[in-house]
>>> print(open('coords_23.cif').read())   # mmCIF, C-alpha atoms
data_my_file
loop_
_atom_site.group_PDB
_atom_site.id
_atom_site.type_symbol
_atom_site.label_atom_id
_atom_site.label_comp_id
_atom_site.auth_asym_id
_atom_site.auth_seq_id
_atom_site.Cartn_x
_atom_site.Cartn_y
_atom_site.Cartn_z
ATOM 1 C CA MET A 185 14.136 -17.046 -6.144
ATOM 2 C CA ASN A 186 16.964 -17.304 -3.650
ATOM 3 C CA ASP A 187 16.542 -15.987 -0.136
ATOM 4 C CA PRO A 188 19.949 -14.971 1.304
ATOM 5 C CA VAL A 189 18.690 -11.918 3.203
ATOM 6 C CA ALA A 190 15.679 -13.266 5.009
ATOM 7 C CA GLY A 191 17.056 -16.732 5.705
ATOM 8 C CA ALA A 192 14.176 -19.120 6.341
ATOM 9 C CA LEU A 193 11.619 -16.319 6.111
ATOM 10 C CA ARG A 194 9.813 -16.400 2.758
ATOM 11 C CA LEU A 195 8.653 -12.953 1.651
ATOM 12 C CA SER A 196 5.880 -12.399 -0.874
ATOM 13 C CA VAL A 197 5.641 -8.885 -2.340
ATOM 14 C CA ILE A 198 2.200 -7.899 -3.644
ATOM 15 C CA VAL A 199 1.937 -4.877 -5.938
ATOM 16 C CA PRO A 200 -1.553 -3.537 -6.775
ATOM 17 C CA ALA A 201 -1.514 -1.573 -10.010
ATOM 18 C CA TRP A 202 -3.838 0.575 -12.083
ATOM 19 C CA ASN A 203 -2.455 2.093 -15.291
ATOM 20 C CA GLU A 204 1.077 1.837 -13.877
ATOM 21 C CA ALA A 205 2.849 0.196 -16.835
ATOM 22 C CA GLY A 206 5.750 2.633 -16.882
ATOM 23 C CA ARG A 207 6.426 2.342 -13.178
ATOM 24 C CA LEU A 208 6.009 -1.427 -13.163
ATOM 25 C CA ALA A 209 8.596 -1.611 -15.929
ATOM 26 C CA GLN A 210 11.074 -0.055 -13.504
ATOM 27 C CA LEU A 211 9.908 -1.733 -10.309
ATOM 28 C CA ILE A 212 9.588 -5.409 -11.247
ATOM 29 C CA PRO A 213 13.134 -5.878 -12.613
ATOM 30 C CA SER A 214 14.515 -4.104 -9.543
ATOM 31 C CA LEU A 215 12.600 -6.466 -7.248
ATOM 32 C CA VAL A 216 13.784 -9.502 -9.180
ATOM 33 C CA ARG A 217 17.381 -8.301 -8.981
ATOM 34 C CA LEU A 218 17.167 -8.259 -5.184
ATOM 35 C CA GLY A 219 17.321 -12.055 -5.321
ATOM 36 C CA SER A 220 15.933 -12.298 -1.792
ATOM 37 C CA LEU A 221 12.207 -12.481 -2.409
ATOM 38 C CA HIS A 222 10.232 -15.683 -2.399
ATOM 39 C CA GLN A 223 7.545 -14.275 -4.683
ATOM 40 C CA ILE A 224 6.545 -11.121 -6.569
ATOM 41 C CA ILE A 225 2.874 -10.725 -7.474
ATOM 42 C CA VAL A 226 1.424 -7.931 -9.608
ATOM 43 C CA VAL A 227 -2.359 -7.497 -9.400
ATOM 44 C CA ASP A 228 -3.280 -5.309 -12.332
ATOM 45 C CA ALA A 229 -6.589 -3.534 -12.947
ATOM 46 C CA SER A 230 -5.420 -1.401 -15.872
ATOM 47 C CA ASP A 231 -7.867 -0.347 -18.546
ATOM 48 C CA ASN A 232 -5.334 -0.122 -21.372
ATOM 49 C CA ASN A 233 -4.110 -2.604 -23.957
ATOM 50 C CA LEU A 234 -0.435 -2.547 -23.097
ATOM 51 C CA PRO A 235 1.262 -5.983 -22.952
ATOM 52 C CA THR A 236 1.867 -5.668 -19.220
ATOM 53 C CA GLU A 237 1.116 -9.304 -18.429
ATOM 54 C CA GLU A 238 3.631 -10.609 -20.942
ATOM 55 C CA TRP A 239 6.621 -8.681 -19.686
ATOM 56 C CA VAL A 240 5.721 -8.994 -15.985
ATOM 57 C CA ARG A 241 5.756 -12.769 -16.407
ATOM 58 C CA SER A 242 8.910 -12.687 -18.524
ATOM 59 C CA ALA A 243 10.637 -10.671 -15.781
ATOM 60 C CA GLY A 244 9.976 -13.498 -13.309
ATOM 61 C CA ALA A 245 6.928 -12.209 -11.455
ATOM 62 C CA THR A 246 3.369 -13.516 -11.148
ATOM 63 C CA TYR A 247 0.679 -11.548 -12.976
ATOM 64 C CA LEU A 248 -2.958 -11.499 -11.833
ATOM 65 C CA ARG A 249 -5.764 -9.623 -13.532
ATOM 66 C CA ALA A 250 -8.228 -7.749 -11.304
ATOM 67 C CA PRO A 251 -11.694 -6.982 -12.685
ATOM 68 C CA THR A 252 -11.925 -3.483 -11.201
ATOM 69 C CA PRO A 253 -9.464 -0.954 -9.743
ATOM 70 C CA SER A 254 -9.973 -1.402 -6.013
ATOM 71 C CA ARG A 255 -6.692 -1.537 -4.127
ATOM 72 C CA GLY A 256 -8.010 -3.494 -1.130
ATOM 73 C CA ALA A 257 -9.611 -6.141 -3.337
ATOM 74 C CA GLN A 258 -6.494 -6.297 -5.504
ATOM 75 C CA MET A 259 -4.256 -6.860 -2.489
ATOM 76 C CA ASN A 260 -6.586 -9.552 -1.165
ATOM 77 C CA LEU A 261 -6.438 -11.294 -4.541
ATOM 78 C CA GLY A 262 -2.663 -11.170 -4.465
ATOM 79 C CA ALA A 263 -2.576 -12.492 -0.911
ATOM 80 C CA ALA A 264 -4.818 -15.403 -1.906
ATOM 81 C CA HIS A 265 -2.129 -16.493 -4.394
ATOM 82 C CA ALA A 266 0.831 -15.782 -2.112
ATOM 83 C CA THR A 267 2.779 -18.618 -0.497
ATOM 84 C CA GLY A 268 5.191 -16.611 1.647
ATOM 85 C CA ASP A 269 5.465 -16.549 5.422
ATOM 86 C CA ALA A 270 5.082 -12.775 5.388
ATOM 87 C CA LEU A 271 3.315 -10.475 2.942
ATOM 88 C CA ILE A 272 4.572 -7.059 1.839
ATOM 89 C CA PHE A 273 2.038 -4.755 0.185
ATOM 90 C CA HIS A 274 4.086 -2.417 -1.962
ATOM 91 C CA HIS A 275 3.109 0.496 -4.198
ATOM 92 C CA ALA A 276 4.333 0.587 -7.787
ATOM 93 C CA ASP A 277 5.955 4.006 -7.331
ATOM 94 C CA ALA A 278 7.969 3.176 -4.212
ATOM 95 C CA ILE A 279 11.493 1.763 -4.021
ATOM 96 C CA LEU A 280 12.184 -1.457 -2.114
ATOM 97 C CA ARG A 281 15.838 -2.136 -1.359
ATOM 98 C CA THR A 282 17.886 -4.885 0.251
ATOM 99 C CA GLU A 283 18.191 -2.723 3.383
ATOM 100 C CA HIS A 284 14.417 -2.753 3.765
ATOM 101 C CA LEU A 285 14.295 -6.543 3.543
ATOM 102 C CA GLU A 286 17.109 -6.894 6.069
ATOM 103 C CA ALA A 287 15.296 -4.617 8.530
ATOM 104 C CA LEU A 288 12.048 -6.518 8.002
ATOM 105 C CA ALA A 289 13.732 -9.882 8.563
ATOM 106 C CA ARG A 290 15.323 -8.616 11.788
ATOM 107 C CA ALA A 291 11.974 -7.315 13.002
ATOM 108 C CA LEU A 292 10.094 -10.533 12.284
ATOM 109 C CA HIS A 293 12.822 -12.522 14.013
ATOM 110 C CA ASP A 294 10.964 -11.368 17.134
ATOM 111 C CA PRO A 295 7.916 -13.675 17.288
ATOM 112 C CA ALA A 296 5.959 -10.994 19.169
ATOM 113 C CA ILE A 297 5.947 -8.681 16.138
ATOM 114 C CA ILE A 298 3.023 -9.444 13.848
ATOM 115 C CA GLY A 299 3.649 -6.841 11.150
ATOM 116 C CA GLY A 300 4.250 -3.176 10.541
ATOM 117 C CA ALA A 301 5.535 -0.755 7.936
ATOM 118 C CA PHE A 302 8.445 1.526 7.127
ATOM 119 C CA TYR A 303 8.851 5.157 7.982
ATOM 120 C CA ARG A 304 8.139 7.409 5.031
ATOM 121 C CA LYS A 305 10.549 9.528 3.013
ATOM 122 C CA PHE A 306 9.332 12.012 0.427
ATOM 123 C CA ASP A 307 10.933 12.462 -2.953
ATOM 124 C CA ARG A 308 13.756 14.991 -2.506
ATOM 125 C CA ARG A 309 12.826 16.658 -5.784
ATOM 126 C CA HIS A 310 9.897 18.176 -3.884
ATOM 127 C CA PRO A 311 11.527 20.048 -0.959
ATOM 128 C CA ARG A 312 8.245 21.499 0.284
ATOM 129 C CA LEU A 313 7.259 18.026 1.483
ATOM 130 C CA VAL A 314 10.390 17.354 3.517
ATOM 131 C CA GLY A 315 9.056 19.159 6.566
ATOM 132 C CA LEU A 316 6.178 16.692 6.756
ATOM 133 C CA GLU A 317 8.541 13.749 7.234
ATOM 134 C CA SER A 318 9.274 14.523 10.880
ATOM 135 C CA LEU A 319 5.586 14.801 11.698
ATOM 136 C CA GLY A 320 4.815 11.582 9.848
ATOM 137 C CA ARG A 321 7.676 9.824 11.589
ATOM 138 C CA PHE A 322 6.428 10.889 15.016
ATOM 139 C CA LEU A 323 2.867 9.767 14.285
ATOM 140 C CA SER A 324 3.888 6.419 12.772
ATOM 141 C CA GLY A 325 6.165 5.627 15.690
ATOM 142 C CA ASN A 326 3.576 6.544 18.309
ATOM 143 C CA GLY A 327 0.517 4.534 17.392
ATOM 144 C CA GLY A 328 -0.582 6.486 14.332
ATOM 145 C CA THR A 329 -1.988 5.142 11.099
ATOM 146 C CA LEU A 330 0.290 3.139 8.834
ATOM 147 C CA PHE A 331 -0.410 4.099 5.228
ATOM 148 C CA GLY A 332 -0.133 2.045 2.076
ATOM 149 C CA ASP A 333 2.839 3.972 0.708
ATOM 150 C CA GLN A 334 4.820 2.862 3.765
ATOM 151 C CA SER A 335 4.797 -0.728 2.413
ATOM 152 C CA LEU A 336 2.692 -2.504 4.999
ATOM 153 C CA PHE A 337 3.906 -5.979 5.935
ATOM 154 C CA VAL A 338 2.256 -8.702 8.001
ATOM 155 C CA ARG A 339 2.752 -12.321 8.925
ATOM 156 C CA ARG A 340 0.641 -14.555 6.715
ATOM 157 C CA GLU A 341 -1.283 -16.190 9.547
ATOM 158 C CA VAL A 342 -2.085 -12.784 11.048
ATOM 159 C CA PHE A 343 -3.350 -11.463 7.716
ATOM 160 C CA ASP A 344 -5.618 -14.494 7.391
ATOM 161 C CA SER A 345 -6.895 -14.152 10.944
ATOM 162 C CA LEU A 346 -7.748 -10.490 10.321
ATOM 163 C CA GLY A 347 -9.680 -11.363 7.189
ATOM 164 C CA GLY A 348 -7.459 -9.300 4.910
ATOM 165 C CA PHE A 349 -8.303 -5.808 3.713
ATOM 166 C CA ALA A 350 -11.853 -4.519 3.918
ATOM 167 C CA ASP A 351 -13.764 -4.492 0.628
ATOM 168 C CA ILE A 352 -13.939 -0.711 0.424
ATOM 169 C CA PRO A 353 -12.778 1.528 -2.442
ATOM 170 C CA LEU A 354 -10.733 3.976 -0.372
ATOM 171 C CA MET A 355 -9.035 4.151 3.054
ATOM 172 C CA GLU A 356 -8.395 0.400 3.053
ATOM 173 C CA ASP A 357 -4.898 1.000 4.432
ATOM 174 C CA MET A 358 -6.189 3.057 7.350
ATOM 175 C CA GLU A 359 -8.842 0.499 8.168
ATOM 176 C CA PHE A 360 -6.345 -2.369 8.060
ATOM 177 C CA SER A 361 -3.756 -0.422 10.053
ATOM 178 C CA ARG A 362 -6.244 0.057 12.869
ATOM 179 C CA ARG A 363 -7.003 -3.662 13.100
ATOM 180 C CA LEU A 364 -3.341 -4.618 12.755
ATOM 181 C CA ARG A 365 -2.300 -2.403 15.662
ATOM 182 C CA ARG A 366 -5.084 -3.823 17.813
ATOM 183 C CA ALA A 367 -4.040 -7.386 17.001
ATOM 184 C CA GLY A 368 -0.537 -7.232 18.453
ATOM 185 C CA LYS A 369 2.921 -5.681 18.450
ATOM 186 C CA VAL A 370 3.737 -3.633 15.346
ATOM 187 C CA ALA A 371 7.154 -2.421 14.166
ATOM 188 C CA VAL A 372 7.848 0.753 12.181
ATOM 189 C CA LEU A 373 11.225 0.428 10.514
ATOM 190 C CA ASP A 374 14.155 2.279 9.018
ATOM 191 C CA PRO A 375 15.374 2.863 6.398
ATOM 192 C CA PRO A 376 12.363 4.919 5.371
ATOM 193 C CA MET A 377 10.397 4.036 2.258
ATOM 194 C CA GLU A 378 10.794 6.602 -0.477
ATOM 195 C CA SER A 379 7.442 7.656 -1.902
ATOM 196 C CA SER A 380 6.944 9.341 -5.221
ATOM 197 C CA GLY A 381 5.806 12.945 -5.124
ATOM 198 C CA ARG A 382 4.062 12.659 -8.508
ATOM 199 C CA ARG A 383 0.613 13.665 -7.241
ATOM 200 C CA HIS A 384 2.079 16.495 -5.195
ATOM 201 C CA GLN A 385 4.093 17.645 -8.179
ATOM 202 C CA HIS A 386 1.055 17.630 -10.458
ATOM 203 C CA ARG A 387 -1.412 19.336 -8.137
ATOM 204 C CA GLY A 388 0.857 21.179 -5.722
ATOM 205 C CA ALA A 389 2.445 19.952 -2.494
ATOM 206 C CA TRP A 390 0.373 21.838 0.046
ATOM 207 C CA ARG A 391 -2.892 21.528 -1.845
ATOM 208 C CA THR A 392 -2.509 17.751 -2.063
ATOM 209 C CA SER A 393 -1.377 17.381 1.556
ATOM 210 C CA LEU A 394 -4.290 19.447 2.851
ATOM 211 C CA GLN A 395 -6.736 17.525 0.682
ATOM 212 C CA ASN A 396 -5.414 14.211 1.992
ATOM 213 C CA ALA A 397 -5.626 15.417 5.586
ATOM 214 C CA PHE A 398 -9.200 16.567 5.010
ATOM 215 C CA PHE A 399 -10.230 13.203 3.567
ATOM 216 C CA ILE A 400 -8.622 11.376 6.483
ATOM 217 C CA LEU A 401 -10.512 13.595 8.920
ATOM 218 C CA LEU A 402 -13.790 12.910 7.111
ATOM 219 C CA TYR A 403 -13.144 9.180 7.271
ATOM 220 C CA TYR A 404 -12.468 9.295 11.008
ATOM 221 C CA CYS A 405 -15.674 11.284 11.434
ATOM 222 C CA GLY A 406 -17.604 8.412 9.843
ATOM 223 C CA CYS A 407 -17.932 9.453 6.204
ATOM 224 C CA SER A 408 -18.542 6.473 3.901
ATOM 225 C CA PRO A 409 -15.468 5.291 1.948
ATOM 226 C CA HIS A 410 -17.695 5.136 -1.137
ATOM 227 C CA ARG A 411 -18.636 8.777 -0.832
ATOM 228 C CA LEU A 412 -15.007 9.716 -0.253
ATOM 229 C CA HIS A 413 -14.069 7.691 -3.316
ATOM 230 C CA ARG A 414 -16.528 9.648 -5.474
ATOM 231 C CA TRP A 415 -15.210 12.965 -4.173
ATOM 232 C CA TYR A 416 -11.578 11.921 -4.550
ATOM 233 C CA TYR A 417 -11.747 10.495 -8.061
ATOM 234 C CA GLY A 418 -14.738 12.344 -9.442
ATOM 235 C CA SER A 419 -16.410 10.551 -12.328
ATOM 236 C CA ARG A 420 -13.348 8.706 -13.617
ATOM 237 C CA PHE A 421 -14.720 5.362 -12.479
ATOM 238 C CA SER A 422 -17.318 4.012 -10.071
ATOM 239 C CA ALA A 423 -16.423 2.466 -6.773
ATOM 240 C CA PRO A 424 -16.612 -1.351 -6.891
ATOM 241 C CA ASN A 425 -19.525 -2.986 -5.054
ATOM 242 C CA GLU A 426 -20.987 0.456 -4.370
ATOM 243 C CA SER A 427 -24.624 -0.555 -4.697
ATOM 244 C CA ALA A 428 -24.185 -3.525 -2.380
ATOM 245 C CA LEU A 429 -22.045 -1.814 0.230
ATOM 246 C CA ALA A 430 -22.986 1.854 0.353
ATOM 247 C CA ALA A 431 -25.931 1.303 2.666
ATOM 248 C CA GLN A 432 -23.852 -0.532 5.265
ATOM 249 C CA PRO A 433 -22.667 1.392 8.341
ATOM 250 C CA VAL A 434 -19.165 2.766 7.970
ATOM 251 C CA GLU A 435 -18.137 1.140 11.252
ATOM 252 C CA GLU A 436 -18.490 -2.258 9.578
ATOM 253 C CA PHE A 437 -15.758 -1.247 7.165
ATOM 254 C CA ARG A 438 -13.515 0.178 9.857
ATOM 255 C CA GLY A 439 -13.550 -2.927 12.007
ATOM 256 C CA SER A 440 -14.502 -3.468 15.620
#
>>> encode(input="coords_23.cif", output="structure tokens")
Amino acid sequence: MNDPVAGALRLSVIVPAWNEAGRLAQLIPSLVRLGSLHQIIVVDASDNNLPTEEWVRSAGATYLRAPTPSRGAQMNLGAAHATGDALIFHHADAILRTEHLEALARALHDPAIIGGAFYRKFDRRHPRLVGLESLGRFLSGNGGTLFGDQSLFVRREVFDSLGGFADIPLMEDMEFSRRLRRAGKVAVLDPPMESSGRRHQHRGAWRTSLQNAFFILLYYCGCSPHRLHRWYYGSRFSAPNESALAAQPVEEFRGS
């Protein structure tokens, strides 16, 4: 792929997916059309029989199969196959535009910046969420957690030095954000990343927001990511590596 936006900076976009065929069908062609990405990698843990691999490859992206749906492990697998100078971890239901890549390239032109994310913008079809944007913007810009739906990005050598994402089934973005901020200078960028309100639409905006806030609070209070995973997803599937990891102290997952 050509790289007119980022110049000499090679950008690898890594998209973890789980039963996201419909959204991938929209996202991957749009990423390819940008023409400014060095690499697009889809790490899929879907449990259906759709021909996702075939059309992801035919669209010009790399397809990797993950054995279990664990976003941190999926992103680590994608990073292991990435050859870019910087890695962008992007959700299948978010929209990445040329303006985002231009802002990222400008930020990483400063050698002191090791990574970061974009401010967050909620889907305008769900007006009850709009009021949360200002609060999220303030927190992100003042040392707060950078979440996965903000499209985390990081220099390749920094990601390697940090050891990638923790092998936990939930809160991997929070855990990584903490270590990333401790490692050096982080940039939070405009334009904001538009996030889908699908979960909010299905379950209700305030109910979902309060549930998320409660789970974040429990995590900060030391609750195991495996226990949170069981509460969050119920019995739909088991957390990967649960038997091996559940007995370990939560602080090991959250980093020093």
>>> closest_residue(input="coords_23.cif", among="A:Leu346, A:Ala245, A:Met259, A:Ala296", to="Ser214 (chain A)", atoms="all atoms listed in the file")
A:Ala245
>>> axis_aligned_box(input="coords_23.cif", around="region 248-255 of chain A", padding_each_side="6 Å", output="lines of an AutoDock Vina configuration file")
center_x = -7.4
center_y = -6.2
center_z = -8.8
size_x = 21.0
size_y = 22.5
size_z = 21.4
>>> closest_residue(input="coords_23.cif", among="A:Met355, A:Ala291, A:Ile298, A:Met377", to="His410 (chain A)", atoms="only C-alpha atoms")
A:Met355
>>> residues_around(input="coords_23.cif", residues="region 194-206 of chain A", least_positions_apart="2", cutoff="8 Å", atoms="all atoms listed in the file", output="ChimeraX atom specification")
/A:187,190-192,208-210,221-232,234,236,253,255,258-259,262-263,266-276
>>> atom_distance(input="coords_23.cif", atom1="CA of Gln334 (chain A)", atom2="CA of Ala250 (chain A)")
22.6 Å
>>> atom_distance(input="coords_23.cif", atom1="CA of Arg339 (chain A)", atom2="CA of Leu193 (chain A)")
10.1 Å
>>> resolve_selection(input="coords_23.cif", expression="the PyMOL selection byres ((chain A and resi 278) around 10)", output="PyMOL selection string")
chain A and resi 207+211+274-277+279-281+305+307+333-335+377-380
>>> atom_distance(input="coords_23.cif", atom1="CA of Arg290 (chain A)", atom2="CA of Ala367 (chain A)")
20.1 Å
>>> resolve_selection(input="coords_23.cif", expression="the PyMOL selection byres ((chain A and resi 316-322) around 10)", output="ChimeraX atom specification")
/A:302-306,311-315,323-330,372,376,393
